[in-house]
file final23.cif (mmCIF, C-alpha atoms)
data_my_file
loop_
_atom_site.label_atom_id
_atom_site.label_comp_id
_atom_site.auth_asym_id
_atom_site.auth_seq_id
_atom_site.Cartn_x
_atom_site.Cartn_y
_atom_site.Cartn_z
CA MET A 66 15.41 19.49 13.10
CA ASN A 67 13.93 16.34 14.61
CA LYS A 68 11.02 14.92 12.66
CA ALA A 69 7.88 14.12 14.64
CA TYR A 70 6.91 11.37 12.18
CA ASP A 71 8.85 8.64 10.47
CA LEU A 72 6.20 7.81 7.87
CA ILE A 73 3.02 9.60 6.78
CA ALA A 74 0.45 8.79 4.11
CA ALA A 75 -2.66 10.32 2.59
CA THR A 76 -5.58 7.91 2.43
CA SER A 77 -9.32 7.35 2.15
CA MET A 78 -10.39 5.11 5.02
CA GLY A 79 -13.20 2.59 4.76
CA VAL A 80 -14.32 -0.72 6.18
CA ARG A 81 -14.06 -4.27 4.92
CA ILE A 82 -16.66 -6.86 5.85
CA THR A 83 -15.68 -10.51 5.49
CA PRO A 84 -17.78 -13.67 5.97
CA MET A 85 -16.66 -15.80 8.88
CA ASN A 86 -14.97 -19.19 8.43
CA ARG A 87 -13.85 -18.42 4.86
CA GLN A 88 -17.39 -18.70 3.50
CA PRO A 89 -18.50 -16.89 0.31
CA VAL A 90 -20.44 -13.66 0.50
CA GLY A 91 -24.16 -14.34 0.61
CA THR A 92 -24.15 -17.82 2.14
CA GLY A 93 -23.93 -16.90 5.81
CA GLY A 94 -25.04 -14.19 8.18
CA GLY A 95 -21.89 -13.72 10.23
CA TYR A 96 -19.35 -11.08 9.15
CA ILE A 97 -16.18 -9.54 10.58
CA MET A 98 -15.67 -5.80 10.08
CA GLN A 99 -12.30 -4.08 10.00
CA ALA A 100 -11.01 -0.58 9.24
CA THR A 101 -8.94 -0.59 6.08
CA SER A 102 -7.15 1.21 3.28
CA ALA A 103 -4.09 0.32 1.23
CA GLU A 104 -2.11 3.23 2.64
CA SER A 105 -2.94 2.62 6.31
CA ASN A 106 -2.00 -1.04 5.73
CA VAL A 107 1.46 0.16 4.73
CA LEU A 108 1.70 2.42 7.79
CA ASN A 109 0.79 -0.48 10.07
CA VAL A 110 4.13 -2.28 9.81
CA SER A 111 6.12 0.73 11.00
CA ALA A 112 3.50 1.58 13.64
CA SER A 113 3.60 -1.98 15.01
CA LEU A 114 7.38 -1.81 15.31
CA GLY A 115 7.49 1.47 17.21
CA LEU A 116 7.96 4.12 14.53
CA LYS A 117 5.78 7.22 14.46
CA THR A 118 3.19 7.18 11.68
CA ARG A 119 0.34 9.42 10.61
CA ALA A 120 -2.65 9.11 8.27
CA LEU A 121 -3.97 12.23 6.49
CA THR A 122 -7.61 11.56 5.70
CA ALA A 123 -11.29 12.61 5.96
CA PHE A 124 -14.16 11.41 8.11
CA VAL A 125 -17.92 11.74 7.96
CA GLU A 126 -18.85 13.96 10.87
CA GLY A 127 -20.84 12.14 13.56
CA SER A 128 -20.70 8.78 11.76
CA PRO A 129 -20.42 5.65 13.94
CA ILE A 130 -18.36 4.07 11.13
CA ALA A 131 -15.96 7.02 11.34
CA ALA A 132 -15.74 6.54 15.11
CA PHE A 133 -14.95 2.86 14.58
CA ILE A 134 -12.20 3.67 12.07
CA LYS A 135 -10.66 6.33 14.33
CA GLY A 136 -10.63 3.90 17.24
CA GLU A 137 -8.97 1.20 15.14
CA LEU A 138 -6.25 3.53 13.86
CA ARG A 139 -5.50 4.68 17.40
CA ARG A 140 -5.40 1.06 18.60
CA ARG A 141 -2.88 0.30 15.88
CA GLY A 142 -0.69 3.26 16.89
CA ILE A 143 -1.38 5.39 13.80
CA ASP A 144 -1.88 9.11 14.44
CA ILE A 145 -4.59 10.96 12.54
CA LEU A 146 -4.70 14.34 10.80
CA ALA A 147 -8.16 14.68 9.29
CA LYS A 148 -11.00 16.93 8.27
CA ASP A 149 -14.58 16.12 9.26
CA VAL A 150 -17.16 16.43 6.51
CA PRO A 151 -20.90 16.78 7.26
CA GLN A 152 -22.82 13.79 5.98
CA GLY A 153 -25.37 15.91 4.12
CA GLY A 154 -28.30 13.60 4.86
CA PRO A 155 -28.94 9.90 4.22
CA TRP A 156 -27.84 10.18 0.57
CA GLY A 157 -24.71 12.20 1.32
CA TYR A 158 -21.18 11.18 2.14
CA ARG A 159 -20.04 7.94 3.75
CA HIS A 160 -17.03 5.66 4.11
CA GLN A 161 -16.50 3.04 1.43
CA PHE A 162 -17.44 -0.60 2.00
CA ASN A 163 -15.21 -3.38 0.72
CA ILE A 164 -17.10 -6.69 0.74
CA ALA A 165 -14.65 -9.56 0.32
CA ASP A 166 -14.38 -13.23 1.14
CA SER A 167 -11.11 -15.09 1.61
CA GLY A 168 -11.69 -17.98 -0.78
CA PHE A 169 -10.78 -21.56 0.03
CA GLY A 170 -8.86 -24.19 -1.93
CA PRO A 171 -9.95 -24.06 -5.59
CA ARG A 172 -12.50 -21.28 -4.87
CA GLY A 173 -10.75 -17.97 -5.33
CA PRO A 174 -11.58 -14.86 -3.27
CA ARG A 175 -14.22 -12.46 -4.54
CA VAL A 176 -14.23 -8.72 -3.85
CA TRP A 177 -17.04 -6.20 -4.29
CA ASN A 178 -16.23 -2.51 -3.82
CA ASP A 179 -19.05 -0.14 -2.87
CA ARG A 180 -17.55 3.37 -3.06
CA ALA A 181 -20.50 5.63 -3.91
CA GLY A 182 -20.39 8.86 -1.90
CA GLU A 183 -16.90 8.06 -0.57
CA VAL A 184 -15.85 10.92 1.70
CA GLY A 185 -12.16 10.48 0.95
CA ARG A 186 -12.75 11.51 -2.67
CA THR A 187 -13.43 15.06 -1.46
CA LEU A 188 -9.92 15.59 -0.05
CA THR A 189 -7.94 18.38 -1.69
CA ALA A 190 -4.48 19.85 -1.23
CA ALA A 191 -6.10 22.90 0.38
CA ASP A 192 -7.43 20.77 3.26
CA PHE A 193 -4.00 20.56 4.91
CA ASP A 194 -1.48 23.09 6.16
CA TRP A 195 1.61 21.73 4.42
CA ARG A 196 3.95 24.08 6.22
CA ALA A 197 2.72 22.62 9.51
CA VAL A 198 2.92 19.07 8.18
CA PHE A 199 6.51 19.35 6.95
CA GLU A 200 8.04 22.20 8.99
CA ARG A 201 6.27 22.26 12.35
CA ASP A 202 5.84 18.49 12.64
CA GLY A 203 8.11 17.02 10.00
CA ALA A 204 8.25 13.61 8.32
CA ARG A 205 11.13 11.44 7.22
CA MET A 206 9.14 9.67 4.51
CA VAL A 207 5.85 10.10 2.64
CA HIS A 208 4.01 7.15 1.11
CA LEU A 209 1.54 7.65 -1.74
CA SER A 210 -0.61 5.09 -3.54
CA GLY A 211 -2.12 5.14 -7.00
CA LEU A 212 -5.36 3.84 -5.51
CA PHE A 213 -5.85 7.04 -3.54
CA ALA A 214 -4.40 9.33 -6.20
CA ALA A 215 -6.86 8.03 -8.81
CA LEU A 216 -10.00 8.41 -6.67
CA SER A 217 -10.78 11.91 -7.98
CA PRO A 218 -9.14 14.93 -9.62
CA GLU A 219 -8.94 16.41 -6.12
CA THR A 220 -7.03 13.48 -4.60
CA ALA A 221 -4.70 13.39 -7.60
CA GLY A 222 -3.88 17.05 -7.01
CA LEU A 223 -3.40 16.40 -3.29
CA CYS A 224 -0.89 13.63 -3.99
CA VAL A 225 1.08 15.79 -6.43
CA THR A 226 1.23 18.60 -3.86
CA MET A 227 2.21 16.22 -1.07
CA ALA A 228 5.02 14.77 -3.19
CA GLU A 229 6.24 18.25 -4.11
CA GLN A 230 6.17 19.41 -0.49
CA ALA A 231 7.94 16.27 0.71
CA HIS A 232 10.64 16.65 -1.93
CA ALA A 233 11.12 20.34 -1.08
CA HIS A 234 11.50 19.54 2.62
CA GLY A 235 13.94 16.66 2.19
CA ALA A 236 11.55 13.80 2.96
CA MET A 237 11.81 10.55 1.04
CA VAL A 238 8.86 9.77 -1.26
CA SER A 239 7.51 6.26 -1.83
CA PHE A 240 4.93 5.70 -4.61
CA ASP A 241 3.07 2.42 -5.15
CA LEU A 242 1.59 2.82 -8.65
CA ASN A 243 -1.39 0.48 -8.06
CA TYR A 244 -2.98 0.97 -11.49
CA ARG A 245 -6.71 0.17 -11.61
CA ALA A 246 -8.39 0.32 -15.03
CA SER A 247 -11.84 1.12 -13.57
CA PHE A 248 -10.43 4.22 -11.83
CA TRP A 249 -8.68 5.45 -14.99
CA LYS A 250 -11.52 5.08 -17.48
CA GLY A 251 -12.02 8.40 -19.29
CA ARG A 252 -9.28 10.10 -17.22
CA GLU A 253 -6.14 8.69 -18.82
CA GLU A 254 -4.52 12.00 -19.80
CA GLU A 255 -5.22 13.66 -16.42
CA LEU A 256 -3.97 10.74 -14.36
CA ARG A 257 -0.95 10.01 -16.54
CA ALA A 258 0.25 13.58 -15.97
CA ALA A 259 -0.31 13.35 -12.18
CA PHE A 260 1.34 9.93 -11.84
CA SER A 261 4.32 10.99 -13.95
CA ARG A 262 4.82 14.06 -11.79
CA ILE A 263 4.71 12.04 -8.57
CA ALA A 264 7.08 9.42 -10.02
CA SER A 265 9.56 12.14 -10.98
CA LEU A 266 9.73 13.19 -7.32
CA SER A 267 9.89 9.68 -5.87
CA ASP A 268 12.79 7.88 -4.25
CA ILE A 269 11.04 4.47 -4.25
CA LEU A 270 8.68 3.24 -6.98
CA VAL A 271 6.70 0.03 -6.53
CA GLY A 272 4.71 -1.63 -9.30
CA ASN A 273 4.57 -4.53 -11.70
CA GLU A 274 5.28 -4.25 -15.42
CA GLU A 275 1.61 -3.48 -16.17
CA ASP A 276 1.66 -0.62 -13.64
CA PHE A 277 4.71 0.96 -15.27
CA GLN A 278 3.23 0.61 -18.75
CA LEU A 279 -0.34 1.75 -18.06
CA ALA A 280 0.22 4.29 -15.27
CA LEU A 281 3.41 5.87 -16.62
CA GLY A 282 3.13 5.13 -20.35
CA LEU A 283 6.42 3.26 -20.61
CA GLU A 284 7.03 0.79 -23.40
CA GLY A 285 6.62 -2.78 -22.21
CA PRO A 286 9.26 -5.50 -22.35
CA ALA A 287 9.48 -8.00 -25.17
CA ALA A 288 7.15 -10.97 -24.95
CA GLY A 289 8.55 -13.71 -22.77
CA GLY A 290 7.74 -16.53 -20.42
CA ARG A 291 5.05 -16.03 -17.82
CA ASP A 292 6.73 -18.22 -15.22
CA LEU A 293 8.16 -16.46 -12.16
CA ALA A 294 11.72 -16.57 -13.48
CA GLY A 295 10.49 -14.98 -16.70
CA GLN A 296 8.60 -12.33 -14.72
CA THR A 297 11.81 -11.42 -12.88
CA GLU A 298 13.72 -10.75 -16.09
CA ARG A 299 10.79 -8.88 -17.63
CA PHE A 300 10.64 -6.65 -14.55
CA PHE A 301 14.32 -5.73 -14.78
CA GLU A 302 13.92 -5.09 -18.51
CA MET A 303 11.00 -2.79 -17.71
CA ILE A 304 13.02 -0.99 -15.05
CA ASP A 305 15.79 -0.17 -17.51
CA ARG A 306 13.24 2.00 -19.33
CA ALA A 307 11.83 3.43 -16.11
CA ARG A 308 15.31 4.46 -14.92
CA ALA A 309 15.86 6.42 -18.12
CA ALA A 310 12.50 8.19 -17.74
CA TYR A 311 12.81 8.81 -13.97
CA PRO A 312 16.52 9.16 -13.15
CA ASN A 313 15.85 10.53 -9.64
CA VAL A 314 14.26 7.28 -8.46
CA ARG A 315 16.64 5.33 -6.28
CA CYS A 316 14.77 2.02 -5.96
CA PHE A 317 12.28 0.08 -8.09
CA ALA A 318 10.52 -2.94 -6.57
CA THR A 319 7.72 -5.42 -7.18
CA THR A 320 6.32 -8.65 -5.81
CA LEU A 321 5.99 -11.93 -7.71
CA ARG A 322 3.03 -14.18 -7.04
CA GLU A 323 1.80 -17.45 -8.48
CA VAL A 324 -1.48 -18.78 -7.11
CA ILE A 325 -1.52 -22.55 -6.60
CA ASP A 326 -4.86 -22.33 -4.79
CA ALA A 327 -6.52 -19.88 -2.40
CA ASN A 328 -4.53 -21.33 0.51
CA THR A 329 -1.14 -21.74 -1.17
CA HIS A 330 0.90 -19.24 -3.19
CA LEU A 331 4.41 -18.94 -4.50
CA TRP A 332 5.64 -15.58 -3.19
CA GLY A 333 8.72 -13.65 -4.29
CA ALA A 334 10.02 -10.12 -4.75
CA VAL A 335 12.63 -8.25 -6.75
CA MET A 336 14.23 -4.82 -6.49
CA LEU A 337 16.75 -2.66 -8.27
CA CYS A 338 18.28 -0.14 -5.83
CA ASP A 339 21.29 2.08 -6.50
CA GLY A 340 21.91 0.01 -9.63
CA GLN A 341 22.10 -3.30 -7.71
CA ARG A 342 19.68 -6.18 -8.08
CA SER A 343 18.12 -7.90 -5.04
CA ILE A 344 15.95 -10.99 -5.49
CA ALA A 345 13.80 -12.90 -3.00
CA ALA A 346 13.29 -16.13 -4.91
CA PRO A 347 9.66 -17.32 -4.93
CA ARG A 348 8.80 -19.74 -2.14
CA GLU A 349 5.60 -21.51 -1.18
CA ILE A 350 3.64 -19.76 1.57
CA ALA A 351 0.40 -20.60 3.36
CA VAL A 352 -2.42 -18.09 2.85
CA LEU A 353 -5.28 -17.42 5.25
CA ASP A 354 -6.43 -14.27 3.43
CA ARG A 355 -4.46 -12.90 0.48
CA ILE A 356 -5.75 -9.31 0.58
CA GLY A 357 -3.08 -6.97 1.94
CA GLY A 358 -0.04 -9.07 1.06
CA GLY A 359 1.24 -6.44 -1.35
CA ASP A 360 0.70 -3.67 1.21
CA GLY A 361 2.57 -5.74 3.78
CA PHE A 362 5.48 -6.03 1.36
CA VAL A 363 5.59 -2.25 0.84
CA GLY A 364 5.24 -1.63 4.57
CA GLY A 365 8.15 -3.91 5.38
CA LEU A 366 10.28 -2.51 2.58
CA LEU A 367 9.78 1.07 3.78
CA TYR A 368 10.46 0.10 7.39
CA GLY A 369 13.81 -1.25 6.29
CA PHE A 370 14.70 1.97 4.52
CA LEU A 371 13.64 3.98 7.55
CA ARG A 372 16.00 1.82 9.61
CA ASN A 373 18.79 2.53 7.07
CA TRP A 374 19.30 -1.15 6.33
CA PRO A 375 21.08 -2.39 3.19
CA PRO A 376 18.67 -2.75 0.24
CA GLU A 377 18.88 -6.56 0.23
CA LYS A 378 17.70 -6.75 3.86
CA CYS A 379 14.94 -4.23 3.11
CA LEU A 380 13.66 -6.53 0.36
CA GLN A 381 13.84 -9.57 2.61
CA PHE A 382 11.93 -7.76 5.35
CA GLY A 383 9.32 -6.64 2.82
CA TRP A 384 8.91 -10.19 1.48
CA ALA A 385 8.47 -11.50 5.02
CA CYS A 386 5.95 -8.80 6.02
CA GLY A 387 3.89 -9.65 2.94
CA ALA A 388 4.03 -13.35 3.83
CA LEU A 389 3.08 -12.45 7.42
CA ALA A 390 0.12 -10.30 6.33
CA VAL A 391 -1.56 -13.16 4.46
CA THR A 392 -1.55 -15.30 7.61
CA MET A 393 -3.92 -12.79 9.25
CA LEU A 394 -7.62 -12.08 8.70
CA GLU A 395 -6.89 -8.35 8.70
CA ASP A 396 -5.58 -6.64 5.55
CA TYR A 397 -2.36 -5.62 7.25
CA ALA A 398 0.72 -7.12 8.87
CA SER A 399 1.09 -6.47 12.61
CA PRO A 400 4.52 -7.89 13.47
CA ALA A 401 5.29 -8.36 17.15
CA ASP A 402 8.94 -7.46 16.60
CA GLU A 403 11.69 -7.58 13.97
CA GLU A 404 12.71 -11.07 15.09
CA GLN A 405 9.27 -12.45 14.21
CA VAL A 406 9.52 -11.02 10.69
CA MET A 407 13.01 -12.36 10.08
CA SER A 408 11.90 -15.76 11.39
CA VAL A 409 9.31 -15.76 8.63
CA TRP A 410 12.08 -14.94 6.15
CA SER A 411 14.32 -17.74 7.45
CA GLY A 412 11.48 -20.28 7.52
CA ASN A 413 11.63 -20.70 11.29
CA ALA A 414 8.09 -21.40 12.49
CA ARG A 415 9.10 -23.00 15.79
CA VAL A 416 7.28 -21.91 18.93
CA LYS A 417 8.91 -19.04 20.81
CA ARG A 418 8.53 -19.16 24.59
#

call {"tool": "encode", "arguments": {"input": "final23.cif", "output": "structure tokens"}}
result
Amino acid sequence: MNKAYDLIAATSMGVRITPMNRQPVGTGGGYIMQATSAESNVLNVSASLGLKTRALTAFVEGSPIAAFIKGELRRRGIDILAKDVPQGGPWGYRHQFNIADSGFGPRGPRVWNDRAGEVGRTLTAADFDWRAVFERDGARMVHLSGLFAALSPETAGLCVTMAEQAHAHGAMVSFDLNYRASFWKGREEELRAAFSRIASLSDILVGNEEDFQLALGLEGPAAGGRDLAGQTERFFEMIDRARAAYPNVRCFATTLREVIDANTHLWGAVMLCDGQRSIAAPREIAVLDRIGGGDGFVGGLLYGFLRNWPPEKCLQFGWACGALAVTMLEDYASPADEEQVMSVWSGNARVKR
């Protein structure tokens, strides 16, 4: 059966407001607003390059912010499957606000999350007809993020169900662990069980060594150097343990980042796929706004797998989409075409006419 969608993701949509001209929050009155979430950022790469994508989410009924987000997702080519939730008055539900500046030079970016009353936290597995999602419509791949899974017991349950349904219907499952200590406080046992279940059903697991230790409870690697070369070896050491715990996972991947200043990073990536190592050695990249670089990497990586490319090319494309994302004020990479992405990988910044 033909699948209507190449890539789908469950998410809680919100908005980010950013001071203009790379100024800090609080020093100026001009802000840019964008629709954002980690999971929709991942979808954006495939949507920009012509694949069919869909976000499963919730909106506040009648909200102008919800209308803005819906319009932005449609503009970006991302289909929507959502429930509308009544606001419940001025102190009811709303979409989260992410208040973040971009930093400049020696001044690092600062982020303030305001998530009280977040409507996406109300999403449950019962809100979606999974038979329709996977049988009537169909999806080749499902992407899940630990940020969304950890929002509430309900979203954790939704992600477990979505992974189970995807696995049962032959769809690939991608899981970006995205451990956040503030989300896990007091819920360690509940979330460890949910994350472990999702990981056991995943084909692609993304996360750094801290994610694998804290989200999945794996023993960490021996102490070693904190330089990027040392991080690479520590990651592969960590993955040896993860492979034993989750033998169904085909690919394990992570990014490597060293911050020189807010405008300049060393950016790399590593992956173990089908037992073979792929390494994108860290290189210096220019950074306009660092937020979303990791999502760009995952988005590019998944696009490569959806195109059935060799793992090494998938990693290269992911590295380049992450490097592309940080050249944009938005949180997501919007490549014009595959050639543009591979030009980033090859270091070709010449004008194209």

call {"tool": "resolve_selection", "arguments": {"input": "final23.cif", "expression": "the PyMOL selection byres ((chain A and resi 177) around 6)", "output": "ChimeraX atom specification"}}
result
/A:164,176,178

call {"tool": "residues_around", "arguments": {"input": "final23.cif", "residues": "range 339-341 of chain A", "least_positions_apart": "2", "cutoff": "7 Å", "atoms": "all atoms listed in the file", "output": "count of residues only"}}
result
4

call {"tool": "resolve_selection", "arguments": {"input": "final23.cif", "expression": "the PyMOL selection byres ((chain A and resi 261-274) around 7)", "output": "VMD selection string"}}
result
chain A and resid 225 228 to 229 232 237 to 243 257 to 260 275 to 278 281 300 303 311 313 to 319

call {"tool": "resolve_selection", "arguments": {"input": "final23.cif", "expression": "the PyMOL selection byres ((chain A and resi 99) around 6)", "output": "list in words"}}
result
Val80, Arg81, Met98 and Ala100 of chain A

call {"tool": "closest_residue", "arguments": {"input": "final23.cif", "among": "A:Asn373, A:Gln296, A:Thr320, A:Thr122", "to": "His160 in chain A", "atoms": "all atoms listed in the file"}}
result
A:Thr122

call {"tool": "residues_around", "arguments": {"input": "final23.cif", "residues": "Val207 in chain A", "least_positions_apart": "2", "cutoff": "6 Å", "atoms": "all atoms listed in the file", "output": "list of chain:residue names"}}
result
A:Leu72, A:Ile73, A:Ala74, A:Val238

call {"tool": "residues_around", "arguments": {"input": "final23.cif", "residues": "Lys148 in chain A", "least_positions_apart": "3", "cutoff": "8 Å", "atoms": "only C-alpha atoms", "output": "ChimeraX atom specification"}}
result
/A:122-124,192

call {"tool": "residues_around", "arguments": {"input": "final23.cif", "residues": "range 125-142 of chain A", "least_positions_apart": "6", "cutoff": "10 Å", "atoms": "all atoms listed in the file", "output": "PyMOL selection string"}}
result
chain A and resi 78-80+98-101+105+108-119+148-153+157-161+183-185+399

call {"tool": "residues_around", "arguments": {"input": "final23.cif", "residues": "Thr392 in chain A", "least_positions_apart": "6", "cutoff": "12 Å", "atoms": "all atoms listed in the file", "output": "JSON, numbers by chain"}}
result
{"A": [167, 328, 329, 330, 350, 351, 352, 353, 354, 355, 356, 357, 358, 361, 385, 386, 398, 399, 400, 409]}

call {"tool": "closest_residue", "arguments": {"input": "final23.cif", "among": "A:Thr76, A:Gln230, A:Ala327, A:Ser102", "to": "Phe169 in chain A", "atoms": "only C-alpha atoms"}}
result
A:Ala327

call {"tool": "closest_residue", "arguments": {"input": "final23.cif", "among": "A:Ala69, A:Ala246, A:Val391, A:Leu209", "to": "Leu223 in chain A", "atoms": "only C-alpha atoms"}}
result
A:Leu209

call {"tool": "atom_distance", "arguments": {"input": "final23.cif", "atom1": "CA of Arg205 in chain A", "atom2": "CA of Leu283 in chain A"}}
result
29.4 Å

call {"tool": "closest_residue", "arguments": {"input": "final23.cif", "among": "A:Gly365, A:Gly383, A:Arg372, A:Met206", "to": "Gly333 in chain A", "atoms": "only C-alpha atoms"}}
result
A:Gly383

call {"tool": "closest_residue", "arguments": {"input": "final23.cif", "among": "A:Leu188, A:Ala120, A:Ala236, A:Ala181", "to": "Trp156 in chain A", "atoms": "only C-alpha atoms"}}
result
A:Ala181
